[in-house]
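The block underneath contains the structure these notes are about, expressed in structure tokens.
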Amino acid sequence: MINVELKGGVVQQFEENITPAQIAKSISMGLYKNVCAALIDGKVCDLRTELTADCKVELLTFDNDEGKQAFWHTTSHILAQAVKRLYPEAKLAIGPSIDEGFYYDFDVEKPFDSEDLLKIEAEMKKIVKSGIEISRFEKAPQDALDFLNEIAEPYKVELASEHAGKGEPISFYKQAEFVDLCAGPHLMSVAPVKAFKLTNCTGAYWRGDSKNQQLCRVYGISFPKASMLEEYITRREEAFKRDHNKLGRELELFTTVDYIGQGLPIMLPKGARIIQLLQRWVEDLEQKNGWQLTKTPFMAKSDLYKISGHWDHYQDGMFILQKLSRPAHAIERDLYAVP
Ligand SMILES: [Zn+2]
């Protein structure tokens, strides 16, 4: 028997090799259905992890950040499964969860359009409805590589061969016919992914390197309840209406041109006037409150940045003025820099 400390410091005894999933089930079926991952002694773990010694276990649901990550990562596998069913030639790259949702990168002949995304969503719905159980298994490094070569997933072979060097077993997750090389953690089945939406499709390079193959990245979001998805969509629509980039252009506050840079706004008269008024307001307020203004130069000798540490760490990102031929009245240092 082992002692497991649960929520609120309650210690319970369980048989050795019990898993967090089984613990959740022993507490209630409702919790088992909602649980997404577990913290075992503070480390995020899969629900299938066997507990072999006394430990502290926290069961994570969609309400916890780590639980959400497992939920979204599981949805990315459902997306990949749907894509493989509809486009068997598609090659799988990576499919992580992100701050808000998930994505999966596919190597496909033709990037997906909005109609393809609808088809994929429909297939994902079928998968969720079937409630397939998700299982985890491990293979020895060479067996893992052989397997991935056999199922012709070159990107996965590349990823696995990097892990293979360590000599440790490589983990996979399986849901029906779909198997993915994956460190996890994952939900116990696809069933809890009740509401989802594929939100966007963009190009992305394998490993973020423009020398590599261009892939098709499909973004999505998912929730355990339909109402949560509706809320999310409304929030996004509202945020889009208030998008400063869109509003600022419509109100003629600023514009951009390609030869200056898309991230570098040119303030138009109305925008410049707003800045001017704000600046005056702030300056007046500061003066009223007894603040005194000083002005420092925009540039400084490199000495300053050597003291601050910028010189050693951020030199590539600094604008450095270097006098190649010194005039007679040579400035005492020939390097000036702006961070
Ligand atoms: Zn995965």
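In the structure tokens, chains take letters A, B, ... by order of appearance, with residues numbered from 1 within each chain and ligands from 1 in the order shown.
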Please report, as a PyMOL selection string, each residue of range 86-266 of chain A to which DSSP assigns strand (DSSP E or B) when run on this structure's backbone. chain A and resi 91-92+97-98+101-107+133+135-139+170-175+178-181+189+195-205+214-223+254-255+266
Would you return as a compact mmCIF listing (two decimals) with N, CA and C atoms, in the first residue's frame the members of range 62-220 of chain A that DSSP assigns to alpha helix (DSSP H) on this structure's backbone?
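Written out: states_10.txt:
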# COMPACT_ATOMS: atom_id res chain seq x y z
N ASP A 65 -4.86 25.52 -15.50
CA ASP A 65 -4.11 25.77 -16.74
C ASP A 65 -3.52 24.49 -17.33
N GLU A 66 -2.92 23.65 -16.47
CA GLU A 66 -2.28 22.44 -16.99
C GLU A 66 -3.33 21.46 -17.51
N GLY A 67 -4.51 21.48 -16.88
CA GLY A 67 -5.60 20.62 -17.34
C GLY A 67 -6.06 21.06 -18.72
N LYS A 68 -6.21 22.37 -18.88
CA LYS A 68 -6.59 22.93 -20.19
C LYS A 68 -5.59 22.52 -21.26
N GLN A 69 -4.30 22.57 -20.92
CA GLN A 69 -3.27 22.23 -21.91
C GLN A 69 -3.46 20.78 -22.39
N ALA A 70 -3.72 19.87 -21.46
CA ALA A 70 -3.93 18.46 -21.84
C ALA A 70 -5.18 18.32 -22.69
N PHE A 71 -6.21 19.07 -22.34
CA PHE A 71 -7.48 19.04 -23.07
C PHE A 71 -7.26 19.52 -24.50
N TRP A 72 -6.56 20.64 -24.64
CA TRP A 72 -6.31 21.19 -25.99
C TRP A 72 -5.38 20.29 -26.79
N HIS A 73 -4.36 19.74 -26.10
CA HIS A 73 -3.44 18.85 -26.81
C HIS A 73 -4.19 17.62 -27.33
N THR A 74 -5.11 17.12 -26.52
CA THR A 74 -5.92 15.99 -26.96
C THR A 74 -6.75 16.37 -28.19
N THR A 75 -7.27 17.61 -28.20
CA THR A 75 -8.04 18.04 -29.36
C THR A 75 -7.16 18.10 -30.60
N SER A 76 -5.90 18.47 -30.44
CA SER A 76 -4.99 18.51 -31.60
C SER A 76 -4.82 17.10 -32.17
N HIS A 77 -4.83 16.08 -31.32
CA HIS A 77 -4.75 14.70 -31.82
C HIS A 77 -6.04 14.32 -32.57
N ILE A 78 -7.18 14.79 -32.07
CA ILE A 78 -8.45 14.51 -32.75
C ILE A 78 -8.43 15.16 -34.14
N LEU A 79 -7.90 16.38 -34.19
CA LEU A 79 -7.75 17.08 -35.47
C LEU A 79 -6.87 16.26 -36.43
N ALA A 80 -5.73 15.80 -35.92
CA ALA A 80 -4.81 15.04 -36.77
C ALA A 80 -5.45 13.73 -37.23
N GLN A 81 -6.20 13.10 -36.35
CA GLN A 81 -6.88 11.85 -36.71
C GLN A 81 -7.88 12.11 -37.84
N ALA A 82 -8.63 13.21 -37.73
CA ALA A 82 -9.61 13.55 -38.76
C ALA A 82 -8.91 13.84 -40.09
N VAL A 83 -7.80 14.57 -40.02
CA VAL A 83 -7.06 14.90 -41.25
C VAL A 83 -6.54 13.63 -41.91
N LYS A 84 -5.99 12.70 -41.11
CA LYS A 84 -5.47 11.45 -41.69
C LYS A 84 -6.58 10.62 -42.32
N ARG A 85 -7.78 10.70 -41.75
CA ARG A 85 -8.90 9.95 -42.33
C ARG A 85 -9.29 10.54 -43.68
N LEU A 86 -9.32 11.88 -43.75
CA LEU A 86 -9.79 12.53 -44.98
C LEU A 86 -8.69 12.70 -46.02
N SER A 114 -11.24 27.09 -46.35
CA SER A 114 -12.28 27.09 -45.31
C SER A 114 -13.23 25.90 -45.48
N GLU A 115 -13.44 25.47 -46.73
CA GLU A 115 -14.32 24.31 -46.94
C GLU A 115 -13.68 23.04 -46.37
N ASP A 116 -12.38 22.89 -46.58
CA ASP A 116 -11.66 21.73 -46.02
C ASP A 116 -11.81 21.73 -44.50
N LEU A 117 -11.66 22.92 -43.90
CA LEU A 117 -11.73 23.01 -42.43
C LEU A 117 -13.11 22.54 -41.92
N LEU A 118 -14.16 22.90 -42.67
CA LEU A 118 -15.50 22.45 -42.28
C LEU A 118 -15.62 20.94 -42.35
N LYS A 119 -15.04 20.38 -43.42
CA LYS A 119 -15.06 18.91 -43.58
C LYS A 119 -14.31 18.25 -42.42
N ILE A 120 -13.16 18.84 -42.08
CA ILE A 120 -12.34 18.28 -40.99
C ILE A 120 -13.10 18.37 -39.67
N GLU A 121 -13.75 19.51 -39.44
CA GLU A 121 -14.54 19.67 -38.21
C GLU A 121 -15.63 18.60 -38.11
N ALA A 122 -16.28 18.33 -39.24
CA ALA A 122 -17.35 17.33 -39.25
C ALA A 122 -16.80 15.96 -38.89
N GLU A 123 -15.60 15.65 -39.40
CA GLU A 123 -14.98 14.35 -39.10
C GLU A 123 -14.58 14.30 -37.62
N MET A 124 -14.09 15.43 -37.11
CA MET A 124 -13.72 15.50 -35.68
C MET A 124 -14.95 15.23 -34.81
N LYS A 125 -16.09 15.77 -35.24
CA LYS A 125 -17.33 15.55 -34.48
C LYS A 125 -17.64 14.08 -34.37
N LYS A 126 -17.48 13.37 -35.52
CA LYS A 126 -17.74 11.92 -35.53
C LYS A 126 -16.82 11.22 -34.53
N ILE A 127 -15.56 11.62 -34.54
CA ILE A 127 -14.57 10.98 -33.65
C ILE A 127 -14.97 11.19 -32.19
N VAL A 128 -15.30 12.44 -31.84
CA VAL A 128 -15.67 12.75 -30.45
C VAL A 128 -16.91 11.93 -30.05
N LYS A 129 -17.87 11.89 -30.97
CA LYS A 129 -19.12 11.19 -30.69
C LYS A 129 -18.89 9.71 -30.41
N SER A 130 -17.92 9.13 -31.12
CA SER A 130 -17.65 7.70 -30.93
C SER A 130 -17.00 7.43 -29.57
N PRO A 141 13.78 2.70 -28.46
CA PRO A 141 14.10 3.69 -29.50
C PRO A 141 14.10 3.12 -30.93
N GLN A 142 14.81 2.00 -31.15
CA GLN A 142 14.89 1.49 -32.52
C GLN A 142 13.53 1.01 -33.03
N ASP A 143 12.78 0.37 -32.15
CA ASP A 143 11.43 -0.10 -32.54
C ASP A 143 10.55 1.09 -32.89
N ALA A 144 10.70 2.19 -32.13
CA ALA A 144 9.90 3.39 -32.39
C ALA A 144 10.23 3.93 -33.78
N LEU A 145 11.53 3.98 -34.09
CA LEU A 145 11.95 4.50 -35.40
C LEU A 145 11.44 3.60 -36.53
N ASP A 146 11.55 2.29 -36.32
CA ASP A 146 11.08 1.34 -37.34
C ASP A 146 9.59 1.54 -37.58
N PHE A 147 8.86 1.68 -36.48
CA PHE A 147 7.41 1.84 -36.57
C PHE A 147 7.05 3.11 -37.34
N LEU A 148 7.72 4.22 -37.01
CA LEU A 148 7.39 5.50 -37.66
C LEU A 148 7.79 5.49 -39.14
N ASN A 149 8.86 4.76 -39.45
CA ASN A 149 9.23 4.60 -40.87
C ASN A 149 8.17 3.79 -41.60
N GLU A 150 7.70 2.77 -40.91
CA GLU A 150 6.70 1.86 -41.49
C GLU A 150 5.40 2.62 -41.81
N PRO A 154 7.73 10.96 -41.93
CA PRO A 154 9.14 11.41 -41.89
C PRO A 154 9.43 12.45 -40.81
N TYR A 155 8.49 13.34 -40.54
CA TYR A 155 8.75 14.37 -39.53
C TYR A 155 8.85 13.75 -38.14
N LYS A 156 8.00 12.75 -37.92
CA LYS A 156 8.03 12.05 -36.62
C LYS A 156 9.33 11.25 -36.48
N VAL A 157 9.79 10.70 -37.61
CA VAL A 157 11.06 9.95 -37.57
C VAL A 157 12.17 10.90 -37.12
N GLU A 158 12.17 12.12 -37.69
CA GLU A 158 13.19 13.11 -37.33
C GLU A 158 13.13 13.43 -35.83
N LEU A 159 11.93 13.63 -35.32
CA LEU A 159 11.78 13.96 -33.90
C LEU A 159 12.21 12.80 -33.02
N ALA A 160 11.77 11.60 -33.40
CA ALA A 160 12.07 10.42 -32.58
C ALA A 160 13.56 10.12 -32.58
N SER A 161 14.22 10.36 -33.72
CA SER A 161 15.65 10.01 -33.77
C SER A 161 16.45 10.91 -32.83
N GLU A 162 15.94 12.12 -32.58
CA GLU A 162 16.62 12.99 -31.62
C GLU A 162 16.50 12.45 -30.20
N HIS A 163 15.34 11.87 -29.89
CA HIS A 163 15.14 11.29 -28.56
C HIS A 163 15.87 9.96 -28.43
N ALA A 164 15.95 9.26 -29.57
CA ALA A 164 16.49 7.89 -29.55
C ALA A 164 17.88 7.86 -28.96
Counting only C-alpha atoms, which of A:Tyr219, A:Tyr305, A:Phe62, A:Tyr232 gets nearest to Cys36 in chain A?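 Selected residue with least distance to Cys36 in chain A: A:Phe62.
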Please check which protein, DNA or RNA residues sit within 7 Å of ligand 1, counting only C-alpha atoms and all ligand atoms, and write them as a ChimeraX atom specification. /A:73-74,77,95-96,180-184
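Omitting Leu251 in chain A and its sequence neighbours fewer than 6 positions away, and counting only C-alpha atoms, the residues within 10 Å are Leu268, Lys270 and Gly271 of chain A.
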Go ahead and dump the residues you just picked, C-alpha atoms, as a PDB file, in the first residue's frame.
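To be explicit, this is the file written out as result.pdb:
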ATOM      1  CA  LEU A 268      -1.803  60.919 -39.258  1.00  0.00           C
ATOM      2  CA  LYS A 270      -5.745  63.092 -35.894  1.00  0.00           C
ATOM      3  CA  GLY A 271      -3.538  60.450 -34.273  1.00  0.00           C
TER       4      GLY A 271
END
Would you mind reading off the distance between CA of Lys301 in chain A and CA of Gln315 in chain A, one decimal, in Å?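 CA of Gln315 in chain A lies 13.2 Å from CA of Lys301 in chain A.
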Do you know which residues are at most 12 Å from Asp312 in chain A counting only C-alpha atoms, after dropping those on the same chain fewer than 6 positions away, and could you put them as a count of residues only? 7
